[in-house]
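*Asks:* Quick one, work14.cif (mmCIF, C-alpha atoms and all ligand atoms):
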data_structure
loop_
_atom_site.label_atom_id
_atom_site.label_comp_id
_atom_site.auth_asym_id
_atom_site.auth_seq_id
_atom_site.Cartn_x
_atom_site.Cartn_y
_atom_site.Cartn_z
CA MET A 1 -42.21 57.73 144.41
CA THR A 2 -39.34 57.84 146.94
CA LEU A 3 -40.70 56.87 150.32
CA LYS A 4 -39.35 58.67 153.35
CA THR A 5 -37.99 56.86 156.39
CA PHE A 6 -35.42 57.02 159.25
CA ASN A 7 -31.97 55.48 159.70
CA ARG A 8 -31.50 51.89 160.86
CA GLY A 9 -34.53 49.91 162.07
CA VAL A 10 -35.77 46.43 161.13
CA HIS A 11 -38.31 44.74 158.84
CA PRO A 12 -40.29 42.21 160.89
CA HIS A 13 -43.00 40.11 159.23
CA ASP A 14 -46.08 42.25 159.78
CA HIS A 15 -48.64 39.46 160.51
CA LYS A 16 -51.38 41.99 159.77
CA ALA A 17 -53.29 40.12 157.04
CA ARG A 18 -55.37 38.22 159.61
CA SER A 19 -57.19 41.35 160.83
CA ALA A 20 -56.38 44.26 158.48
CA ASN A 21 -59.52 43.79 156.40
CA LEU A 22 -61.87 43.15 159.30
CA PRO A 23 -64.15 46.09 160.16
CA THR A 24 -64.21 47.16 163.79
CA GLU A 25 -66.78 45.30 165.89
CA ASP A 26 -68.29 46.26 169.24
CA VAL A 27 -67.54 43.81 172.03
CA PRO A 28 -70.68 42.52 173.85
CA LEU A 29 -71.01 44.77 176.91
CA PRO A 30 -69.23 43.11 179.85
CA GLU A 31 -71.11 42.62 183.14
CA THR A 32 -68.15 43.96 185.09
CA LEU A 33 -65.50 46.55 184.27
CA LEU A 34 -62.17 46.84 186.06
CA ILE A 35 -60.96 50.41 185.55
CA PRO A 36 -57.46 51.32 186.81
CA VAL A 37 -56.87 54.78 188.28
CA SER A 38 -53.44 54.74 186.65
CA GLN A 39 -53.65 54.42 182.88
CA HIS A 40 -51.14 57.10 182.00
CA LEU A 41 -47.60 58.28 182.66
CA GLY A 42 -47.60 60.59 185.68
CA LYS A 43 -49.47 60.57 188.96
CA PRO A 44 -52.39 58.14 189.30
CA ALA A 45 -55.82 59.79 189.28
CA THR A 46 -57.80 60.06 192.53
CA PRO A 47 -61.18 58.29 192.78
CA VAL A 48 -64.13 60.64 193.33
CA LYS A 49 -66.59 57.73 193.51
CA SER A 50 -66.86 55.20 196.30
CA ARG A 51 -68.35 51.79 196.84
CA GLY A 52 -72.09 51.80 196.15
CA ASP A 53 -72.12 54.99 194.02
CA GLU A 54 -74.20 54.94 190.82
CA VAL A 55 -72.40 56.08 187.67
CA MET A 56 -73.41 57.01 184.15
CA PRO A 57 -71.58 57.19 180.78
CA GLY A 58 -69.07 60.04 180.72
CA GLU A 59 -69.30 60.74 184.46
CA LEU A 60 -66.04 61.45 186.27
CA LEU A 61 -64.75 58.43 188.23
CA CYS A 62 -61.29 59.72 189.12
CA ASP A 63 -59.91 63.24 189.01
CA ALA A 64 -56.42 64.06 187.76
CA ASP A 65 -53.93 64.46 190.62
CA GLY A 66 -51.92 67.41 189.38
CA PHE A 67 -50.98 68.58 185.90
CA VAL A 68 -49.16 65.42 184.74
CA SER A 69 -52.09 63.13 185.38
CA ALA A 70 -55.36 62.32 183.57
CA LYS A 71 -59.03 62.10 184.48
CA VAL A 72 -60.86 58.78 184.24
CA HIS A 73 -64.56 58.60 183.27
CA SER A 74 -67.22 55.93 183.38
CA PRO A 75 -68.00 54.20 180.06
CA VAL A 76 -71.32 52.80 181.34
CA TYR A 77 -74.37 53.03 183.56
CA GLY A 78 -73.68 50.96 186.63
CA LYS A 79 -72.58 50.88 190.26
CA VAL A 80 -69.16 50.93 191.91
CA LYS A 81 -68.91 47.51 193.55
CA ARG A 82 -65.56 48.07 195.24
CA ILE A 83 -62.05 49.46 194.84
CA VAL A 84 -59.35 46.78 194.62
CA GLN A 85 -55.58 46.73 194.20
CA GLN A 86 -54.20 44.73 191.30
CA PRO A 87 -51.13 44.83 189.07
CA LEU A 88 -51.17 46.61 185.72
CA PRO A 89 -49.63 44.85 182.71
CA GLY A 90 -45.92 45.43 183.38
CA GLY A 91 -46.20 44.69 187.10
CA ARG A 92 -46.88 48.11 188.70
CA MET A 93 -49.73 48.04 191.26
CA SER A 94 -52.81 50.23 190.84
CA ASP A 95 -56.19 50.77 192.44
CA TYR A 96 -59.03 49.63 190.18
CA LEU A 97 -62.69 50.64 190.33
CA GLU A 98 -64.78 47.54 189.84
CA ILE A 99 -68.05 48.58 188.19
CA THR A 100 -71.12 46.38 187.93
CA VAL A 101 -72.53 47.30 184.53
CA ASN A 102 -76.20 48.01 183.90
CA VAL A 103 -76.02 46.43 180.45
CA GLU A 104 -79.59 47.18 179.35
CA GLU A 105 -79.48 50.89 180.23
CA THR A 106 -75.98 51.35 178.77
CA GLN A 107 -77.09 49.82 175.46
CA THR A 108 -79.67 52.59 175.05
CA HIS A 109 -77.11 55.39 175.51
CA ARG A 110 -76.11 57.43 172.43
CA TRP A 111 -73.55 60.21 172.06
CA GLU A 112 -75.22 62.85 169.88
CA ARG A 113 -73.14 65.07 167.60
CA ARG A 114 -73.07 68.74 168.61
CA GLU A 115 -72.16 71.92 166.77
CA VAL A 116 -68.71 73.29 167.44
CA ASP A 117 -68.25 77.06 167.42
CA PHE A 118 -64.81 77.24 165.84
CA SER A 119 -64.64 81.02 166.29
CA ALA A 120 -64.72 80.55 170.10
CA LEU A 121 -61.86 78.04 170.09
CA ASP A 122 -58.45 79.24 171.14
CA ARG A 123 -55.42 77.40 172.47
CA THR A 124 -56.65 77.50 176.08
CA ALA A 125 -60.05 76.07 175.15
CA VAL A 126 -58.47 73.30 173.07
CA VAL A 127 -56.04 72.26 175.80
CA GLU A 128 -58.73 72.46 178.50
CA GLY A 129 -61.01 70.26 176.40
CA ILE A 130 -58.29 67.65 175.94
CA GLN A 131 -57.60 67.74 179.69
CA ASN A 132 -61.29 67.44 180.64
CA ALA A 133 -61.70 64.46 178.32
CA GLY A 134 -58.89 62.53 180.07
CA ILE A 135 -57.02 62.01 176.80
CA VAL A 136 -53.61 60.34 176.83
CA GLY A 137 -51.28 59.16 174.06
CA MET A 138 -53.09 56.12 172.69
CA GLY A 139 -50.22 54.78 170.59
CA GLY A 140 -48.94 53.14 173.76
CA ALA A 141 -46.99 55.94 175.45
CA THR A 142 -50.01 57.13 177.53
CA PHE A 143 -48.45 60.53 178.26
CA PRO A 144 -51.28 62.98 179.15
CA THR A 145 -52.06 64.77 175.88
CA HIS A 146 -52.84 68.17 177.42
CA VAL A 147 -49.27 68.27 178.77
CA LYS A 148 -47.87 67.55 175.33
CA PHE A 149 -49.98 70.38 173.94
CA SER A 150 -48.83 72.84 176.63
CA PRO A 151 -45.40 73.92 175.36
CA PRO A 152 -43.46 76.48 177.42
CA PRO A 153 -44.00 80.05 176.15
CA THR A 154 -40.48 80.08 174.72
CA ALA A 155 -41.07 77.00 172.52
CA GLU A 156 -41.96 77.64 168.90
CA VAL A 157 -44.14 74.77 167.74
CA ASP A 158 -44.78 75.03 164.02
CA THR A 159 -45.45 71.43 162.93
CA LEU A 160 -48.02 68.80 163.82
CA VAL A 161 -47.13 65.23 162.86
CA ILE A 162 -49.93 62.67 162.93
CA ASP A 163 -48.83 59.12 163.60
CA GLY A 164 -50.76 56.75 161.34
CA VAL A 165 -47.74 54.46 161.06
CA GLU A 166 -48.79 51.42 163.12
CA CYS A 167 -45.47 49.67 162.56
CA GLU A 168 -45.94 47.04 165.30
CA PRO A 169 -46.62 43.62 163.76
CA TYR A 170 -50.13 42.16 164.18
CA LEU A 171 -51.79 45.48 165.12
CA THR A 172 -54.40 46.85 162.71
CA CYS A 173 -56.69 49.04 164.84
CA ASP A 174 -55.06 52.31 163.68
CA HIS A 175 -55.39 51.16 160.08
CA ARG A 176 -59.11 50.44 160.55
CA LEU A 177 -59.63 53.80 162.25
CA MET A 178 -58.07 55.66 159.30
CA LEU A 179 -60.46 53.84 156.95
CA GLU A 180 -63.58 53.96 159.08
CA ARG A 181 -63.44 57.45 160.65
CA THR A 182 -61.37 59.40 158.13
CA ALA A 183 -63.46 62.59 158.06
CA HIS A 184 -63.60 62.57 161.89
CA LEU A 185 -59.78 62.56 162.03
CA ILE A 186 -59.58 65.55 159.70
CA ASP A 187 -62.22 67.35 161.82
CA ALA A 188 -60.08 66.72 164.90
CA ILE A 189 -57.05 68.18 163.10
CA ARG A 190 -59.16 71.32 162.44
CA ILE A 191 -59.72 71.60 166.22
CA LEU A 192 -55.99 71.36 166.97
CA HIS A 193 -55.17 73.80 164.20
CA ARG A 194 -57.55 76.39 165.73
CA GLY A 195 -55.53 76.22 168.93
CA PHE A 196 -52.05 76.18 167.45
CA GLY A 197 -52.08 77.58 163.91
CA PHE A 198 -49.51 75.05 162.72
CA LYS A 199 -47.44 76.01 159.68
CA ARG A 200 -47.28 72.39 158.55
CA ILE A 201 -49.45 69.37 159.28
CA LEU A 202 -47.96 66.06 158.19
CA PHE A 203 -49.88 62.78 158.33
CA GLY A 204 -47.41 59.86 158.28
CA ILE A 205 -48.72 56.50 157.00
CA GLU A 206 -46.61 53.50 155.96
CA SER A 207 -46.94 52.36 152.37
CA ASN A 208 -48.36 48.95 153.36
CA LYS A 209 -51.69 50.77 153.95
CA PRO A 210 -52.38 52.23 150.49
CA ASP A 211 -56.13 52.32 151.16
CA ALA A 212 -55.55 54.48 154.27
CA ILE A 213 -53.19 56.78 152.35
CA GLU A 214 -55.87 57.18 149.69
CA ALA A 215 -58.72 57.73 152.18
CA VAL A 216 -56.84 60.31 154.28
CA THR A 217 -55.60 62.13 151.17
CA ALA A 218 -59.18 62.40 149.86
CA ALA A 219 -60.61 63.51 153.22
CA ALA A 220 -57.85 66.11 153.64
CA ALA A 221 -58.51 67.48 150.14
CA ALA A 222 -62.20 67.87 150.98
CA VAL A 223 -61.52 70.61 153.57
CA GLU A 224 -60.25 74.05 152.65
CA GLU A 225 -58.34 74.65 155.84
CA PRO A 226 -55.94 73.52 157.17
CA SER A 227 -53.73 71.95 154.56
CA VAL A 228 -52.85 68.38 155.58
CA GLU A 229 -49.98 66.72 153.77
CA VAL A 230 -50.09 62.93 153.72
CA VAL A 231 -46.56 61.51 153.89
CA PRO A 232 -46.30 57.91 152.64
CA LEU A 233 -43.45 56.20 154.52
CA LYS A 234 -41.30 53.19 153.76
CA VAL A 235 -42.36 50.19 155.85
CA LYS A 236 -39.85 49.92 158.69
CA TYR A 237 -39.89 49.35 162.41
CA PRO A 238 -39.89 51.38 164.81
CA GLN A 239 -41.13 54.21 162.58
CA GLY A 240 -44.07 54.91 164.92
CA ALA A 241 -41.65 56.03 167.67
CA GLU A 242 -41.84 59.82 167.92
CA LYS A 243 -38.21 60.58 167.15
CA MET A 244 -38.09 58.18 164.20
CA LEU A 245 -41.39 59.48 162.81
CA ILE A 246 -40.33 63.13 163.10
CA TYR A 247 -37.12 62.41 161.22
CA ALA A 248 -38.96 60.36 158.58
CA ALA A 249 -41.78 62.88 158.07
CA CYS A 250 -39.91 66.19 158.21
CA GLY A 251 -36.19 65.45 158.46
CA ARG A 252 -35.75 67.02 161.93
CA THR A 253 -33.58 65.25 164.52
CA VAL A 254 -34.69 65.37 168.16
CA PRO A 255 -31.51 65.43 170.30
CA ALA A 256 -30.95 62.57 172.78
CA GLY A 257 -32.81 63.16 176.05
CA LYS A 258 -34.93 65.98 174.53
CA LEU A 259 -38.60 66.24 173.56
CA PRO A 260 -40.05 66.86 170.05
CA LEU A 261 -40.88 70.41 171.22
CA GLU A 262 -37.15 71.15 170.97
CA VAL A 263 -37.45 70.92 167.20
CA GLY A 264 -40.84 72.64 166.97
CA VAL A 265 -42.91 69.48 166.54
CA VAL A 266 -45.78 67.87 168.38
CA VAL A 267 -46.85 64.32 167.49
CA ALA A 268 -50.32 62.79 167.95
CA ASN A 269 -51.36 59.20 167.30
CA VAL A 270 -54.52 58.70 165.20
CA PHE A 271 -56.51 57.31 168.14
CA THR A 272 -55.51 60.28 170.28
CA LEU A 273 -56.76 62.46 167.45
CA ALA A 274 -60.06 60.54 167.27
CA ALA A 275 -60.49 60.96 171.04
CA ILE A 276 -59.98 64.73 170.68
CA GLY A 277 -62.68 64.78 167.99
CA ASP A 278 -64.99 62.68 170.17
CA TRP A 279 -64.80 65.25 172.95
CA PHE A 280 -65.30 68.36 170.85
CA PHE A 281 -67.96 67.00 168.46
CA PHE A 282 -69.80 64.59 170.79
CA GLY A 283 -68.88 65.65 174.35
CA LYS A 284 -67.60 62.12 174.86
CA PRO A 285 -64.54 61.69 177.09
CA LEU A 286 -62.03 58.89 176.51
CA ILE A 287 -64.09 55.90 177.70
CA ASP A 288 -63.51 53.28 175.04
CA ARG A 289 -61.01 52.31 172.36
CA VAL A 290 -60.37 49.75 169.63
CA ILE A 291 -57.91 46.93 170.29
CA THR A 292 -56.59 44.30 167.87
CA VAL A 293 -56.88 40.76 169.25
CA SER A 294 -54.72 38.43 167.16
CA GLY A 295 -52.13 35.64 167.02
CA ASP A 296 -52.30 31.97 166.02
CA GLY A 297 -53.63 31.12 169.47
CA ILE A 298 -56.97 32.92 169.19
CA ALA A 299 -59.91 31.39 167.31
CA GLU A 300 -60.78 34.55 165.34
CA ALA A 301 -58.66 37.69 165.11
CA LYS A 302 -60.68 40.90 165.51
CA ASN A 303 -60.50 44.66 165.85
CA LEU A 304 -62.76 45.18 168.84
CA ARG A 305 -64.20 48.42 170.22
CA ALA A 306 -64.57 47.95 173.96
CA PRO A 307 -65.20 50.10 177.04
CA ILE A 308 -62.13 50.96 179.10
CA GLY A 309 -61.98 48.37 181.89
CA THR A 310 -63.22 45.42 179.79
CA PRO A 311 -61.56 42.28 181.20
CA PHE A 312 -59.12 40.66 178.75
CA ALA A 313 -60.98 37.36 179.27
CA ASP A 314 -64.10 39.00 177.77
CA LEU A 315 -62.07 40.15 174.75
CA ALA A 316 -60.76 36.60 174.24
CA ALA A 317 -64.28 35.19 174.57
CA ALA A 318 -65.56 37.68 171.96
CA CYS A 319 -62.94 36.23 169.58
CA GLY A 320 -64.13 32.65 170.01
CA GLY A 321 -61.72 31.63 172.79
CA ILE A 322 -58.08 30.66 173.20
CA ALA A 323 -56.37 27.60 171.65
CA GLU A 324 -54.54 25.13 173.93
CA THR A 325 -51.36 25.78 171.94
CA VAL A 326 -50.93 29.33 173.30
CA THR A 327 -47.49 29.75 174.86
CA LYS A 328 -47.40 33.51 175.36
CA VAL A 329 -49.98 36.26 175.86
CA VAL A 330 -48.81 39.79 175.09
CA ALA A 331 -50.45 43.11 175.94
CA GLY A 332 -49.55 45.45 173.06
CA GLY A 333 -47.54 44.45 170.01
CA PRO A 334 -44.87 41.73 169.92
CA MET A 335 -42.03 44.29 169.77
CA MET A 336 -42.89 46.69 172.58
CA GLY A 337 -45.64 44.76 174.36
CA VAL A 338 -45.52 43.12 177.77
CA ALA A 339 -45.88 39.36 178.35
CA LEU A 340 -48.75 38.59 180.73
CA PRO A 341 -48.63 35.84 183.34
CA THR A 342 -52.45 35.55 183.43
CA LEU A 343 -55.48 37.06 181.70
CA ASP A 344 -56.52 38.92 184.88
CA TYR A 345 -56.06 42.38 183.38
CA SER A 346 -58.35 44.79 181.61
CA LEU A 347 -58.41 47.22 178.70
CA THR A 348 -56.79 50.60 179.39
CA LYS A 349 -56.48 53.77 177.32
CA GLY A 350 -53.10 52.60 175.99
CA SER A 351 -54.13 49.03 175.03
CA SER A 352 -53.61 48.66 171.30
CA GLY A 353 -53.23 44.88 171.09
CA LEU A 354 -53.79 41.59 172.86
CA LEU A 355 -51.86 38.75 171.25
CA PHE A 356 -52.18 35.01 171.80
CA LEU A 357 -48.96 33.55 170.41
CA THR A 358 -48.12 29.90 169.85
CA GLU A 359 -44.74 28.17 170.11
CA ALA A 360 -43.99 28.74 166.42
CA GLU A 361 -44.45 32.50 167.00
CA VAL A 362 -42.21 32.55 170.11
CA PRO A 363 -38.81 30.96 169.33
CA ASP A 364 -36.45 29.64 172.07
CA GLU A 365 -33.45 31.60 173.37
CA SER A 366 -29.81 30.44 172.87
CA PRO A 367 -26.42 31.96 173.94
CA CYS A 368 -25.14 35.21 172.40
CA ILE A 369 -22.86 34.63 169.39
CA ARG A 370 -21.56 38.23 169.47
CA CYS A 371 -22.68 38.92 165.94
CA GLY A 372 -23.43 42.59 166.64
CA ARG A 373 -26.75 42.62 164.80
CA CYS A 374 -28.53 44.12 167.81
CA VAL A 375 -26.09 47.05 167.65
CA ASP A 376 -26.57 47.48 163.90
CA VAL A 377 -30.33 48.04 164.18
CA CYS A 378 -30.62 50.10 167.36
CA PRO A 379 -32.08 53.45 166.27
CA MET A 380 -30.59 55.07 169.40
CA ASN A 381 -27.04 53.83 168.69
CA LEU A 382 -26.93 51.74 171.87
CA THR A 383 -25.15 48.45 172.53
CA PRO A 384 -28.09 46.23 173.54
CA LEU A 385 -26.01 43.10 174.20
CA LYS A 386 -23.92 45.03 176.75
CA LEU A 387 -26.97 46.59 178.41
CA ALA A 388 -28.57 43.14 178.74
CA ALA A 389 -25.34 41.68 180.11
CA TYR A 390 -25.07 44.47 182.71
CA ALA A 391 -28.69 43.86 183.69
CA LYS A 392 -28.09 40.11 184.10
CA ALA A 393 -24.98 40.83 186.22
CA GLU A 394 -26.94 43.46 188.23
CA MET A 395 -24.36 46.11 187.23
CA PHE A 396 -27.04 48.79 186.98
CA ALA A 397 -24.78 51.84 187.39
CA GLU A 398 -22.63 50.55 184.53
CA ALA A 399 -25.71 50.06 182.38
CA LYS A 400 -26.77 53.63 183.13
CA ARG A 401 -23.32 54.89 182.12
CA HIS A 402 -23.92 53.15 178.76
CA ASN A 403 -27.04 55.30 178.18
CA LEU A 404 -29.54 52.71 179.39
CA ASN A 405 -32.25 55.36 179.71
CA ASP A 406 -32.01 56.33 176.04
CA CYS A 407 -33.53 52.94 175.19
CA PHE A 408 -37.21 53.44 174.39
CA GLU A 409 -37.87 49.68 174.34
CA CYS A 410 -38.69 49.47 170.64
CA GLY A 411 -37.65 45.80 170.51
CA SER A 412 -35.66 46.06 167.24
CA CYS A 413 -32.56 44.53 168.87
CA ALA A 414 -34.45 41.52 170.25
CA TYR A 415 -36.20 41.02 166.93
CA ASN A 416 -32.91 41.01 165.04
CA CYS A 417 -31.05 38.78 167.51
CA PRO A 418 -30.46 35.35 165.91
CA ALA A 419 -30.10 33.86 169.42
CA LYS A 420 -33.56 35.24 170.31
CA ILE A 421 -32.24 36.71 173.56
CA GLN A 422 -34.88 38.68 175.50
CA LEU A 423 -32.82 41.86 175.25
CA VAL A 424 -35.70 44.26 175.87
CA ALA A 425 -36.91 42.33 178.89
CA TRP A 426 -33.43 42.64 180.45
CA ILE A 427 -33.12 46.31 179.54
CA ARG A 428 -36.61 47.03 180.91
CA TYR A 429 -35.65 45.25 184.15
CA ALA A 430 -32.51 47.41 184.46
CA LYS A 431 -34.43 50.62 183.72
CA ASN A 432 -37.02 49.80 186.37
CA TYR A 433 -34.27 49.01 188.90
CA VAL A 434 -32.44 52.27 188.15
CA ARG A 435 -35.71 54.24 188.48
CA VAL A 436 -36.95 52.59 191.67
CA HIS A 437 -33.55 52.70 193.41
CA LYS A 438 -32.74 56.19 192.05
CA ILE A 439 -29.33 55.06 190.74
S1 LIG A 501 -31.62 48.95 172.84
FE1 LIG A 501 -33.64 49.83 173.12
S2 LIG A 501 -33.81 51.45 171.56
FE2 LIG A 501 -32.09 50.10 170.96
S3 LIG A 501 -33.01 48.57 169.60
FE3 LIG A 501 -33.06 47.67 171.64
S4 LIG A 501 -35.07 48.23 172.45
FE4 LIG A 501 -34.70 49.59 170.66
S1 LIG A 502 -27.82 40.18 168.16
FE1 LIG A 502 -28.07 38.67 169.81
S2 LIG A 502 -26.48 37.17 169.40
FE2 LIG A 502 -25.96 38.97 168.17
S3 LIG A 502 -24.60 40.19 169.52
FE3 LIG A 502 -26.64 40.95 169.88
S4 LIG A 502 -27.34 39.75 171.66
FE4 LIG A 502 -25.60 38.64 170.82
#
Output the structure of this file as structure tokens.

*Replies:*
Amino acid sequence: MTLKTFNRGVHPHDHKARSANLPTEDVPLPETLLIPVSQHLGKPATPVKSRGDEVMPGELLCDADGFVSAKVHSPVYGKVKRIVQQPLPGGRMSDYLEITVNVEETQTHRWERREVDFSALDRTAVVEGIQNAGIVGMGGATFPTHVKFSPPPTAEVDTLVIDGVECEPYLTCDHRLMLERTAHLIDAIRILHRGFGFKRILFGIESNKPDAIEAVTAAAAAVEEPSVEVVPLKVKYPQGAEKMLIYAACGRTVPAGKLPLEVGVVVANVFTLAAIGDWFFFGKPLIDRVITVSGDGIAEAKNLRAPIGTPFADLAAACGGIAETVTKVVAGGPMMGVALPTLDYSLTKGSSGLLFLTEAEVPDESPCIRCGRCVDVCPMNLTPLKLAAYAKAEMFAEAKRHNLNDCFECGSCAYNCPAKIQLVAWIRYAKNYVRVHKI
């Protein structure tokens, strides 16, 4: 079989064997949750609970502030202890609701399945449901999903592409989801199809997950409608990026600076899909997720289901603790993730990985040898070495002129750089500077 893919890209070692075969486990319920009001792209949500308020699972903690924003709900029974300001991974500051968890009561809570009246579902009901559930892109982008599913009236969206690619090394939570909740994912596709009547539904999965390809194919065949076409993809990074995935799955090219809607496509990650199903079939908003904890510096790698707001230290403890040899902690995958200075952060809707890397996994940087390999692999046809050099020299306007903002921080250039230069870190720095100073 010829496997589909996109142009350029890289082939990093996938480091997935450590956790790919490990079923998802529930983390022991933490005593405290730290839930940021800003877990999405767009305006931070506004707290509707104050210090001392009692909360219960699924109850609204923060309301969306405008259309491009997302609601935040409580995962537990407990009490709001206080609202504090802390940085998010990446450095931006956010208010956090600190919740003291009533562990015993929360353990007794169950989300019961409910009947869905498909005949009453139209596009408005589907989008409103997604909005009420506080769902955001869970592949890492964290763009509010109801916005993505609200195309302008002039846009003709005919294709849904499901992202089951999980091309970031180390991460295996999407893979486990496709194996463990396959029928649920197909049910969630049925919900979306009611609202949009897609002409084509493509489910992209890389060929290093043959068991997931098989499971999704079987689950899709078990339902009469809609027809879901599983598209096995060649293993290549960054195939999970929307533009790369759209090209790989259906051969359409999203123009630079434009959205997938321009070519009639909407993309949803598998966890986003699962969250949509959770709302419609269980009435459960987005209050927990699965995260892969891995790397040579953690005692036991795991795929852990945890409430939003679980402190990273609790996740590390649930994996048997951290080795002394850890030199770098990364939130997310090694390609697009963010290095953390401490463990004082907590699980958010977009947290797909927490990596504890040792020296052998984090090589030292040396000077640029002008080999051009970073240019060869950039899927956006950028010149990463130049962008990094402009960032180092604080020539931000020049960097912008060289299409700095087209970089979607996939990390392919840094991965392919023999000098191990932190190209993405420099580019990210320049992008932040350009944004903050409105250059
Ligand atoms: S410049 Fe940006 S888009 Fe291009 S390879 Fe590097 S991180 Fe990816
Ligand atoms: S890949 Fe690294 S060493 Fe080669 S040109 Fe790019 S920045 Fe320089």

*Asks:* Neighbours of ligand LIG 501 (chain A) at 6 Å or closer, counting only C-alpha atoms and all ligand atoms: which residues, as a list in words?

*Replies:*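 Answer in the requested format: Cys378, Pro379, Met380, Leu382, Pro384, Cys407, Phe408, Glu409, Cys410, Gly411, Ser412, Cys413 and Val424 of chain A.
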
*Asks:* With only C-alpha atoms counted, which protein, DNA or RNA residues have an atom no more than 10 Å from (-56.4, 62.3, 190.7) in the file frame? Please answer as a ChimeraX atom specification.

*Replies:* /A:37-38,43-48,61-72

*Asks:* When you look at Gly283 of chain A with a cut-off of 9 Å (counting only C-alpha atoms), what residues show up, excluding the ones that are within fewer than 2 positions of it in the same chain? I need them as a list in words.

*Replies:*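 The contact residues come out as Gly58, Trp111, Glu112, Arg113, Arg114, Ala133, Gly277, Asp278, Trp279, Phe280, Phe281 and Pro285 of chain A.
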
*Asks:* Store the residues of this selection in a file with C-alpha atoms, as a compact mmCIF listing (two decimals), keeping the file's coordinate frame.

*Replies:*
# COMPACT_ATOMS: atom_id res chain seq x y z
CA GLY A 58 -69.07 60.04 180.72
CA TRP A 111 -73.55 60.21 172.06
CA GLU A 112 -75.22 62.85 169.88
CA ARG A 113 -73.14 65.07 167.60
CA ARG A 114 -73.07 68.74 168.61
CA ALA A 133 -61.70 64.46 178.32
CA GLY A 277 -62.68 64.78 167.99
CA ASP A 278 -64.99 62.68 170.17
CA TRP A 279 -64.80 65.25 172.95
CA PHE A 280 -65.30 68.36 170.85
CA PHE A 281 -67.96 67.00 168.46
CA PRO A 285 -64.54 61.69 177.09

*Asks:* Counting all atoms listed in the file, which of A:Val126, A:Val161, A:Leu286, A:Val101 gets nearest to His146 of chain A?

*Replies:*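 Counting all atoms listed in the file, the residue closest to His146 of chain A is A:Val126.
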
*Asks:* Can you sort out the box for ligand LIG 502 (chain A), edges along x, y and z, all listed atoms in, 3 Å on every side, with centre and edge lengths in Å to one decimal, as JSON?

*Replies:*
{"center_x": -26.3, "center_y": 39.1, "center_z": 169.9, "size_x": 9.5, "size_y": 9.8, "size_z": 9.5}

*Asks:* Residues of chain A that have any atom at most 9 Å from an atom of ligand LIG 502 (chain A): could you tabulate them with the shortest-distance atom pair and the distance in Å to one decimal, using only C-alpha atoms and all ligand atoms, ordered by chain and increasing number, as a tab-separated table?

*Replies:*
residue	atom	partner	partner_atom	distance
A:Ser366	CA	A:LIG502	S2	8.3
A:Pro367	CA	A:LIG502	S2	6.9
A:Cys368	CA	A:LIG502	FE4	3.8
A:Ile369	CA	A:LIG502	S2	4.4
A:Arg370	CA	A:LIG502	S3	3.6
A:Cys371	CA	A:LIG502	FE2	4.0
A:Gly372	CA	A:LIG502	S3	3.9
A:Arg373	CA	A:LIG502	S1	4.3
A:Cys374	CA	A:LIG502	S1	4.0
A:Val375	CA	A:LIG502	FE3	6.5
A:Asp376	CA	A:LIG502	S1	8.5
A:Thr383	CA	A:LIG502	FE3	8.1
A:Pro384	CA	A:LIG502	FE3	6.6
A:Leu385	CA	A:LIG502	S4	4.4
A:Lys386	CA	A:LIG502	S4	8.1
A:Ala388	CA	A:LIG502	S4	7.9
A:Ala389	CA	A:LIG502	S4	8.9
A:Cys413	CA	A:LIG502	S1	6.5
A:Ala414	CA	A:LIG502	FE1	7.0
A:Tyr415	CA	A:LIG502	S1	8.5
A:Asn416	CA	A:LIG502	S1	6.0
A:Cys417	CA	A:LIG502	S1	3.6
A:Pro418	CA	A:LIG502	S2	5.6
A:Ala419	CA	A:LIG502	S2	4.9
A:Lys420	CA	A:LIG502	FE1	6.5
A:Ile421	CA	A:LIG502	FE1	5.9
A:Gln422	CA	A:LIG502	S4	8.5
A:Leu423	CA	A:LIG502	S4	6.9

*Asks:* Could you name the residues that touch Phe149 of chain A at 12 Å or less, counting only C-alpha atoms, but leaving out those on the same chain fewer than 2 positions away, as an NGL selection string?

*Replies:* :A and (68 or 123-131 or 135-137 or 143-147 or 151-153 or 155-157 or 159-160 or 192-193 or 195-196 or 260-261 or 264-268 or 276)

*Asks:* Name the residues in contact with Ile189 of chain A at a cut-off of 10 Å, using all atoms listed in the file, excluding same-chain residues fewer than 6 positions from it; report them as a PyMOL selection string.

*Replies:* chain A and resi 160+162+183+201+220+225-228+268+273-274+276-277

*Asks:* Show me the residues close to (-59.3, 46.2, 178.7) - anything with an atom within 8 Å, counting only C-alpha atoms - and format the list as a VMD selection string.

*Replies:* chain A and resid 34 306 to 312 315 345 to 348 351

*Asks:* Please list as an MDAnalysis selection string every residue within 10 Å of Val290 of chain A, counting only C-alpha atoms and excluding residues in the same chain fewer than 4 positions away.

*Replies:* chainID A and resid 24:27 172:174 176:177 271 302:308 347 349 351:353

*Asks:* Go through A:Met244, A:Leu387, A:Cys167, A:Val377 and flag the residue nearest Ser207 of chain A, using only C-alpha atoms for the distances.

*Replies:*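 Counting only C-alpha atoms, the residue closest to Ser207 of chain A is A:Cys167.
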
*Asks:* What is the distance between atom CA of Val254 of chain A and atom CA of Leu171 of chain A, in Å to one decimal?

*Replies:*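 Interatomic distance, atom CA of Val254 of chain A to atom CA of Leu171 of chain A: 26.4 Å.
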
*Asks:* Please determine, counting all atoms listed in the file, which residue among A:Gly42, A:Pro12, A:Gly164, A:Gly257 has the shortest atom-to-atom distance to Met335 of chain A.

*Replies:*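 Looking only at the distances to Met335 of chain A, the closest residue turns out to be A:Pro12.
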